[in-house]
>>> print(open('entry-v1.pdb').read())   # PDB, C-alpha atoms
ATOM      1  CA  MET E   1     144.302 -24.708 -60.226
ATOM      2  CA  ASP E   2     147.025 -24.588 -57.591
ATOM      3  CA  SER E   3     146.689 -23.529 -53.954
ATOM      4  CA  SER E   4     148.358 -20.142 -54.508
ATOM      5  CA  GLU E   5     145.405 -19.005 -56.611
ATOM      6  CA  HIS E   6     143.032 -19.337 -53.622
ATOM      7  CA  GLY E   7     145.371 -17.699 -51.104
ATOM      8  CA  PRO E   8     147.802 -19.320 -48.785
ATOM      9  CA  SER E   9     146.637 -22.520 -47.159
ATOM     10  CA  MET E  10     147.217 -23.077 -43.447
ATOM     11  CA  SER E  11     149.051 -26.056 -42.022
ATOM     12  CA  SER E  12     147.818 -27.849 -38.922
ATOM     13  CA  THR E  13     150.021 -25.615 -36.766
ATOM     14  CA  GLY E  14     148.552 -22.379 -38.008
ATOM     15  CA  VAL E  15     151.524 -21.491 -40.197
ATOM     16  CA  ALA E  16     150.548 -20.499 -43.693
ATOM     17  CA  SER E  17     152.003 -22.715 -46.349
ATOM     18  CA  GLY E  18     154.027 -20.654 -48.695
ATOM     19  CA  TRP E  19     154.932 -18.459 -45.777
ATOM     20  CA  ASN E  20     158.585 -17.548 -45.629
ATOM     21  CA  PRO E  21     160.259 -17.825 -42.232
ATOM     22  CA  PRO E  22     162.278 -14.871 -40.903
ATOM     23  CA  PRO E  23     165.923 -14.772 -41.952
ATOM     24  CA  GLY E  24     168.085 -17.196 -39.987
ATOM     25  CA  LEU E  25     165.257 -19.693 -39.367
ATOM     26  CA  THR E  26     164.333 -22.699 -41.392
ATOM     27  CA  GLU E  27     160.708 -23.478 -42.123
ATOM     28  CA  GLU E  28     160.833 -26.390 -39.662
ATOM     29  CA  GLU E  29     162.253 -24.156 -36.867
ATOM     30  CA  ALA E  30     159.599 -21.541 -37.517
ATOM     31  CA  GLU E  31     156.901 -24.193 -37.439
ATOM     32  CA  GLU E  32     158.241 -25.569 -34.094
ATOM     33  CA  MET E  33     158.273 -22.053 -32.654
ATOM     34  CA  GLN E  34     154.716 -21.497 -33.875
ATOM     35  CA  VAL E  35     153.605 -24.721 -32.149
ATOM     36  CA  GLU E  36     155.378 -23.631 -28.946
ATOM     37  CA  LEU E  37     153.740 -20.183 -29.158
ATOM     38  CA  ILE E  38     150.292 -21.763 -29.420
ATOM     39  CA  LYS E  39     151.039 -23.967 -26.370
ATOM     40  CA  VAL E  40     152.283 -20.977 -24.328
ATOM     41  CA  GLU E  41     149.216 -18.906 -25.263
ATOM     42  CA  ASP E  42     146.973 -21.820 -24.233
ATOM     43  CA  GLU E  43     148.816 -22.076 -20.901
ATOM     44  CA  ILE E  44     148.409 -18.320 -20.352
ATOM     45  CA  GLU E  45     144.662 -18.595 -20.947
ATOM     46  CA  THR E  46     144.456 -21.568 -18.555
ATOM     47  CA  LEU E  47     146.384 -19.638 -15.897
ATOM     48  CA  ARG E  48     144.024 -16.659 -16.312
ATOM     49  CA  GLN E  49     141.048 -18.952 -15.752
ATOM     50  CA  VAL E  50     142.726 -20.523 -12.689
ATOM     51  CA  LEU E  51     143.532 -17.050 -11.306
ATOM     52  CA  VAL E  52     139.922 -15.894 -11.713
ATOM     53  CA  ALA E  53     138.701 -19.057  -9.950
ATOM     54  CA  LYS E  54     141.225 -18.529  -7.101
ATOM     55  CA  GLU E  55     140.183 -14.883  -6.716
ATOM     56  CA  ARG E  56     136.513 -15.914  -6.480
ATOM     57  CA  HIS E  57     137.394 -18.571  -3.903
ATOM     58  CA  ALA E  58     139.420 -16.068  -1.859
ATOM     59  CA  ALA E  59     136.544 -13.565  -1.966
ATOM     60  CA  GLU E  60     134.117 -16.240  -0.774
ATOM     61  CA  LEU E  61     136.428 -17.232   2.095
ATOM     62  CA  LYS E  62     136.806 -13.581   3.129
ATOM     63  CA  ARG E  63     133.035 -13.123   3.015
ATOM     64  CA  ARG E  64     132.484 -16.202   5.184
ATOM     65  CA  LEU E  65     135.160 -15.018   7.643
ATOM     66  CA  GLY E  66     133.546 -11.587   7.846
ATOM     67  CA  ILE E  67     136.513  -9.823   6.316
ATOM     68  CA  GLY E  68     135.085  -6.869   4.445
ATOM     69  CA  PRO E  69     136.719  -4.229   2.305
ATOM     70  CA  LEU E  70     137.219  -1.886   5.288
ATOM     71  CA  SER E  71     139.054  -4.486   7.335
ATOM     72  CA  GLU E  72     141.216  -5.268   4.309
ATOM     73  CA  ILE E  73     142.062  -1.588   3.963
ATOM     74  CA  LYS E  74     142.868  -1.450   7.667
ATOM     75  CA  GLN E  75     145.153  -4.480   7.374
ATOM     76  CA  ASN E  76     146.864  -2.973   4.339
ATOM     77  CA  LEU E  77     147.364   0.349   6.128
ATOM     78  CA  THR E  78     148.701  -1.387   9.235
ATOM     79  CA  LYS E  79     151.106  -3.430   7.147
ATOM     80  CA  GLY E  80     152.167  -0.347   5.181
ATOM     81  CA  TRP E  81     152.698   1.699   8.361
ATOM     82  CA  HIS E  82     154.803  -1.130   9.820
ATOM     83  CA  GLU E  83     156.922  -1.192   6.663
ATOM     84  CA  VAL E  84     157.353   2.592   6.843
ATOM     85  CA  GLN E  85     158.443   2.373  10.489
ATOM     86  CA  CYS E  86     161.008  -0.277   9.588
ATOM     87  CA  SER E  87     162.481   1.801   6.777
ATOM     88  CA  ASN E  88     165.861   3.472   7.216
ATOM     89  CA  ALA E  89     164.479   6.853   6.138
ATOM     90  CA  TYR E  90     161.830   6.765   8.880
ATOM     91  CA  LYS E  91     164.387   5.754  11.514
ATOM     92  CA  ARG E  92     166.748   8.578  10.506
ATOM     93  CA  THR E  93     163.883  11.090  10.525
ATOM     94  CA  GLN E  94     162.720   9.867  13.933
ATOM     95  CA  GLU E  95     166.239  10.241  15.360
ATOM     96  CA  THR E  96     166.577  13.753  13.910
ATOM     97  CA  LEU E  97     163.199  14.841  15.293
ATOM     98  CA  SER E  98     164.036  13.346  18.679
ATOM     99  CA  GLN E  99     167.280  15.331  18.812
ATOM    100  CA  ALA E 100     165.445  18.487  17.726
ATOM    101  CA  GLY E 101     162.844  17.899  20.431
ATOM    102  CA  GLN E 102     165.522  17.522  23.071
ATOM    103  CA  MET E 103     167.225  20.714  21.930
ATOM    104  CA  THR E 104     163.890  22.575  21.903
ATOM    105  CA  SER E 105     163.058  21.273  25.359
ATOM    106  CA  ALA E 106     166.410  22.460  26.694
ATOM    107  CA  ALA E 107     165.882  25.890  25.104
ATOM    108  CA  PHE E 108     162.393  26.241  26.623
ATOM    109  CA  SER E 109     163.703  25.094  29.992
ATOM    110  CA  SER E 110     166.403  27.776  29.902
ATOM    111  CA  MET E 111     163.893  30.378  28.787
ATOM    112  CA  GLY E 112     161.488  29.295  31.540
ATOM    113  CA  SER E 113     164.209  29.632  34.149
ATOM    114  CA  ALA E 114     165.044  33.125  32.937
ATOM    115  CA  ILE E 115     161.376  34.170  32.996
ATOM    116  CA  ARG E 116     160.905  32.626  36.438
ATOM    117  CA  ASN E 117     163.888  34.557  37.762
ATOM    118  CA  GLN E 118     162.550  37.769  36.241
ATOM    119  CA  PHE E 119     159.067  37.235  37.727
ATOM    120  CA  GLY E 120     160.597  36.405  41.080
ATOM    121  CA  GLU E 121     162.590  39.635  41.083
ATOM    122  CA  MET E 122     159.649  41.689  39.817
ATOM    123  CA  SER E 123     157.140  40.310  42.304
ATOM    124  CA  SER E 124     159.464  40.730  45.280
ATOM    125  CA  ASN E 125     160.338  44.313  44.201
ATOM    126  CA  PHE E 126     156.643  45.082  43.597
ATOM    127  CA  SER E 127     155.628  43.633  46.957
ATOM    128  CA  MET E 128     158.256  45.618  48.865
ATOM    129  CA  ARG E 129     157.484  48.932  47.225
ATOM    130  CA  HIS E 130     153.702  48.808  47.168
ATOM    131  CA  SER E 131     152.591  46.619  50.025
ATOM    132  CA  LEU E 132     152.536  49.375  52.628
ATOM    133  CA  SER E 133     151.873  52.436  50.504
ATOM    134  CA  MET E 134     148.355  51.654  49.246
ATOM    135  CA  PRO E 135     146.387  49.478  51.684
ATOM    136  CA  ALA E 136     143.001  50.710  50.457
ATOM    137  CA  MET E 137     143.802  49.849  46.864
ATOM    138  CA  ARG E 138     145.117  46.385  47.797
ATOM    139  CA  ASN E 139     141.788  45.531  49.392
ATOM    140  CA  SER E 140     139.744  46.524  46.342
ATOM    141  CA  PRO E 141     138.109  43.706  44.289
ATOM    142  CA  SER E 142     139.890  44.825  41.101
ATOM    143  CA  PHE E 143     143.295  44.637  42.718
ATOM    144  CA  LYS E 144     142.502  41.248  44.269
ATOM    145  CA  THR E 145     141.526  39.885  40.845
ATOM    146  CA  PHE E 146     144.714  41.263  39.304
ATOM    147  CA  GLU E 147     146.812  39.909  42.181
ATOM    148  CA  ASP E 148     145.207  36.459  41.800
ATOM    149  CA  LYS E 149     146.013  36.431  38.087
ATOM    150  CA  VAL E 150     149.640  37.390  38.731
ATOM    151  CA  GLU E 151     149.906  34.701  41.419
ATOM    152  CA  ASN E 152     148.402  32.098  39.041
ATOM    153  CA  MET E 153     150.855  33.075  36.324
ATOM    154  CA  LYS E 154     153.732  32.936  38.815
ATOM    155  CA  TYR E 155     152.512  29.524  39.957
ATOM    156  CA  LYS E 156     152.346  28.212  36.395
ATOM    157  CA  VAL E 157     155.793  29.537  35.516
ATOM    158  CA  MET E 158     157.593  28.695  38.754
ATOM    159  CA  GLY E 159     155.621  25.652  39.861
ATOM    160  CA  GLN E 160     154.411  24.856  43.367
ATOM    161  CA  SER E 161     156.594  25.612  46.343
ATOM    162  CA  ASN E 162     156.815  23.048  49.123
ATOM    163  CA  GLU E 163     154.318  24.738  51.426
ATOM    164  CA  GLU E 164     151.780  25.224  48.597
ATOM    165  CA  SER E 165     151.839  21.591  47.453
ATOM    166  CA  ASP E 166     148.622  20.762  49.322
ATOM    167  CA  ARG E 167     146.455  23.431  47.675
ATOM    168  CA  SER E 168     145.889  24.663  44.170
ATOM    169  CA  PRO E 169     146.421  28.383  43.421
ATOM    170  CA  THR E 170     142.905  28.577  42.046
ATOM    171  CA  SER E 171     141.241  26.984  45.085
ATOM    172  CA  ASN E 172     140.788  30.367  46.807
ATOM    173  CA  ASN E 173     140.082  32.238  43.568
ATOM    174  CA  ALA E 174     136.448  31.399  43.141
ATOM    175  CA  PRO E 175     134.666  33.769  40.733
TER
END
>>> encode(input="entry-v1.pdb", output="structure tokens")
Amino acid sequence: MDSSEHGPSMSSTGVASGWNPPPGLTEEEAEEMQVELIKVEDEIETLRQVLVAKERHAAELKRRLGIGPLSEIKQNLTKGWHEVQCSNAYKRTQETLSQAGQMTSAAFSSMGSAIRNQFGEMSSNFSMRHSLSMPAMRNSPSFKTFEDKVENMKYKVMGQSNEESDRSPTSNNAP
């Protein structure tokens, strides 16, 4: 009885005897490659075991140092945010938003000046026309409340004048 009747027998390297190597390789080359494959697979398994041991050791060191999962997340987020801030895309976006903010600020400043001028004209025209014509109405509580609100709005839009810098517009507007 020969060995082919019982199935292929294996050599010491794990290559089946009677096995035909791929085209372009001799049986000896295939056997050397098989031996190398076994060594590489053994090294991979050893490295996996070393990695698991290193991960356990790192976890133990973190535990002893009091570094928990939340602090790790915080460190990762801080590092990630720093990397984002250093990126060219973030810097370009920041510059664009800064320019937009400056343009918006200038537009609001111009609009505020225009509103201030309009309120100044309106309040001086209103004061001239109505200050002498209705003294009884000016002394009424409703008118005083309305006048205080207009003065507060004027103060907020125009800002404090030099003589009003020592007192707030609401200091004499107690409810």
>>> atom_distance(input="entry-v1.pdb", atom1="CA of Ala59 (chain E)", atom2="CA of Ile73 (chain E)")
14.5 Å
>>> resolve_selection(input="entry-v1.pdb", expression="the PyMOL selection byres ((chain E and resi 157) around 8)", output="PyMOL selection string")
chain E and resi 112+115-116+153-156+158-159
>>> atom_distance(input="entry-v1.pdb", atom1="CA of Gln118 (chain E)", atom2="CA of Lys144 (chain E)")
21.9 Å
>>> atom_distance(input="entry-v1.pdb", atom1="CA of Asn76 (chain E)", atom2="CA of Gln94 (chain E)")
22.5 Å
>>> residues_around(input="entry-v1.pdb", residues="Ala30 (chain E)", least_positions_apart="5", cutoff="9 Å", atoms="only C-alpha atoms", output="PyMOL selection string")
chain E and resi 15+21-22+25+35
>>> axis_aligned_box(input="entry-v1.pdb", around="region 38-49 of chain E", padding_each_side="3 Å", output="JSON")
{"center_x": 146.7, "center_y": -20.3, "center_z": -22.6, "size_x": 17.2, "size_y": 13.3, "size_z": 19.7}
>>> decode(input="entry-v1.pdb", residues="region 67-114 of chain E", atoms="N, CA and C atoms", output="tab-separated table (two decimals), in the first residue's frame")
chain	number	residue	atom	x	y	z
E	67	ILE	N	-6.29	58.40	36.00
E	67	ILE	CA	-6.76	58.83	34.68
E	67	ILE	C	-7.90	57.91	34.28
E	68	GLY	N	-9.11	58.47	34.30
E	68	GLY	CA	-10.29	57.68	33.96
E	68	GLY	C	-10.70	57.92	32.52
E	69	PRO	N	-11.74	57.24	32.12
E	69	PRO	CA	-12.22	57.39	30.73
E	69	PRO	C	-12.62	58.83	30.39
E	70	LEU	N	-13.21	59.55	31.35
E	70	LEU	CA	-13.63	60.93	31.07
E	70	LEU	C	-12.43	61.84	30.84
E	71	SER	N	-11.39	61.67	31.64
E	71	SER	CA	-10.21	62.52	31.44
E	71	SER	C	-9.51	62.16	30.13
E	72	GLU	N	-9.57	60.90	29.74
E	72	GLU	CA	-9.01	60.52	28.44
E	72	GLU	C	-9.79	61.17	27.31
E	73	ILE	N	-11.11	61.17	27.43
E	73	ILE	CA	-11.94	61.80	26.41
E	73	ILE	C	-11.63	63.29	26.35
E	74	LYS	N	-11.49	63.91	27.51
E	74	LYS	CA	-11.16	65.33	27.56
E	74	LYS	C	-9.82	65.61	26.88
E	75	GLN	N	-8.82	64.79	27.17
E	75	GLN	CA	-7.51	64.95	26.54
E	75	GLN	C	-7.61	64.77	25.03
E	76	ASN	N	-8.37	63.78	24.60
E	76	ASN	CA	-8.54	63.54	23.17
E	76	ASN	C	-9.25	64.72	22.49
E	77	LEU	N	-10.29	65.25	23.16
E	77	LEU	CA	-10.99	66.40	22.60
E	77	LEU	C	-10.09	67.62	22.54
E	78	THR	N	-9.32	67.85	23.59
E	78	THR	CA	-8.41	68.99	23.62
E	78	THR	C	-7.38	68.87	22.50
E	79	LYS	N	-6.83	67.69	22.36
E	79	LYS	CA	-5.85	67.46	21.29
E	79	LYS	C	-6.49	67.65	19.93
E	80	GLY	N	-7.68	67.10	19.74
E	80	GLY	CA	-8.39	67.24	18.47
E	80	GLY	C	-8.72	68.69	18.16
E	81	TRP	N	-9.17	69.45	19.17
E	81	TRP	CA	-9.50	70.86	18.98
E	81	TRP	C	-8.24	71.65	18.60
E	82	HIS	N	-7.12	71.32	19.24
E	82	HIS	CA	-5.85	71.98	18.91
E	82	HIS	C	-5.47	71.70	17.46
E	83	GLU	N	-5.64	70.46	17.03
E	83	GLU	CA	-5.33	70.09	15.65
E	83	GLU	C	-6.24	70.82	14.67
E	84	VAL	N	-7.52	70.97	15.04
E	84	VAL	CA	-8.46	71.70	14.18
E	84	VAL	C	-8.02	73.16	14.07
E	85	GLN	N	-7.65	73.77	15.21
E	85	GLN	CA	-7.24	75.17	15.19
E	85	GLN	C	-5.97	75.39	14.38
E	86	CYS	N	-5.14	74.40	14.29
E	86	CYS	CA	-3.90	74.51	13.52
E	86	CYS	C	-4.10	74.24	12.03
E	87	SER	N	-5.26	73.74	11.67
E	87	SER	CA	-5.50	73.40	10.27
E	87	SER	C	-5.67	74.65	9.42
E	88	ASN	N	-5.29	74.54	8.16
E	88	ASN	CA	-5.42	75.67	7.23
E	88	ASN	C	-6.88	76.04	7.00
E	89	ALA	N	-7.75	75.07	6.95
E	89	ALA	CA	-9.18	75.35	6.73
E	89	ALA	C	-9.74	76.19	7.87
E	90	TYR	N	-9.38	75.86	9.10
E	90	TYR	CA	-9.87	76.62	10.26
E	90	TYR	C	-9.33	78.05	10.21
E	91	LYS	N	-8.05	78.19	9.88
E	91	LYS	CA	-7.45	79.53	9.83
E	91	LYS	C	-8.12	80.39	8.76
E	92	ARG	N	-8.38	79.80	7.59
E	92	ARG	CA	-9.06	80.56	6.53
E	92	ARG	C	-10.47	80.95	6.95
E	93	THR	N	-11.18	80.01	7.58
E	93	THR	CA	-12.54	80.30	8.04
E	93	THR	C	-12.53	81.40	9.10
E	94	GLN	N	-11.58	81.34	10.01
E	94	GLN	CA	-11.47	82.34	11.07
E	94	GLN	C	-11.21	83.72	10.47
E	95	GLU	N	-10.32	83.80	9.47
E	95	GLU	CA	-10.03	85.07	8.82
E	95	GLU	C	-11.28	85.62	8.11
E	96	THR	N	-12.00	84.74	7.42
E	96	THR	CA	-13.21	85.16	6.71
E	96	THR	C	-14.26	85.67	7.68
E	97	LEU	N	-14.47	84.94	8.78
E	97	LEU	CA	-15.46	85.38	9.77
E	97	LEU	C	-15.04	86.68	10.44
E	98	SER	N	-13.75	86.86	10.66
E	98	SER	CA	-13.26	88.10	11.26
E	98	SER	C	-13.56	89.28	10.33
E	99	GLN	N	-13.28	89.09	9.05
E	99	GLN	CA	-13.57	90.16	8.08
E	99	GLN	C	-15.07	90.44	8.01
E	100	ALA	N	-15.87	89.40	8.03
E	100	ALA	CA	-17.33	89.58	8.01
E	100	ALA	C	-17.80	90.32	9.25
E	101	GLY	N	-17.21	89.99	10.40
E	101	GLY	CA	-17.56	90.67	11.64
E	101	GLY	C	-17.21	92.14	11.60
E	102	GLN	N	-16.05	92.45	11.03
E	102	GLN	CA	-15.65	93.85	10.92
E	102	GLN	C	-16.59	94.61	9.99
E	103	MET	N	-16.97	93.98	8.89
E	103	MET	CA	-17.89	94.63	7.96
E	103	MET	C	-19.26	94.83	8.61
E	104	THR	N	-19.72	93.82	9.35
E	104	THR	CA	-21.02	93.93	10.04
E	104	THR	C	-20.97	95.01	11.09
E	105	SER	N	-19.87	95.08	11.82
E	105	SER	CA	-19.72	96.11	12.85
E	105	SER	C	-19.76	97.50	12.23
E	106	ALA	N	-19.08	97.67	11.11
E	106	ALA	CA	-19.09	98.97	10.43
E	106	ALA	C	-20.50	99.32	9.96
E	107	ALA	N	-21.23	98.32	9.44
E	107	ALA	CA	-22.59	98.57	8.97
E	107	ALA	C	-23.50	98.96	10.13
E	108	PHE	N	-23.40	98.26	11.26
E	108	PHE	CA	-24.22	98.61	12.43
E	108	PHE	C	-23.84	99.98	12.98
E	109	SER	N	-22.58	100.31	12.94
E	109	SER	CA	-22.13	101.62	13.41
E	109	SER	C	-22.74	102.73	12.56
E	110	SER	N	-22.72	102.53	11.24
E	110	SER	CA	-23.32	103.51	10.34
E	110	SER	C	-24.82	103.62	10.57
E	111	MET	N	-25.46	102.47	10.73
E	111	MET	CA	-26.90	102.46	10.97
E	111	MET	C	-27.21	103.13	12.32
E	112	GLY	N	-26.39	102.86	13.33
E	112	GLY	CA	-26.60	103.50	14.63
E	112	GLY	C	-26.46	105.00	14.56
E	113	SER	N	-25.48	105.46	13.79
E	113	SER	CA	-25.30	106.91	13.63
E	113	SER	C	-26.52	107.53	12.96
E	114	ALA	N	-27.03	106.87	11.93
E	114	ALA	CA	-28.21	107.39	11.24
E	114	ALA	C	-29.42	107.43	12.17
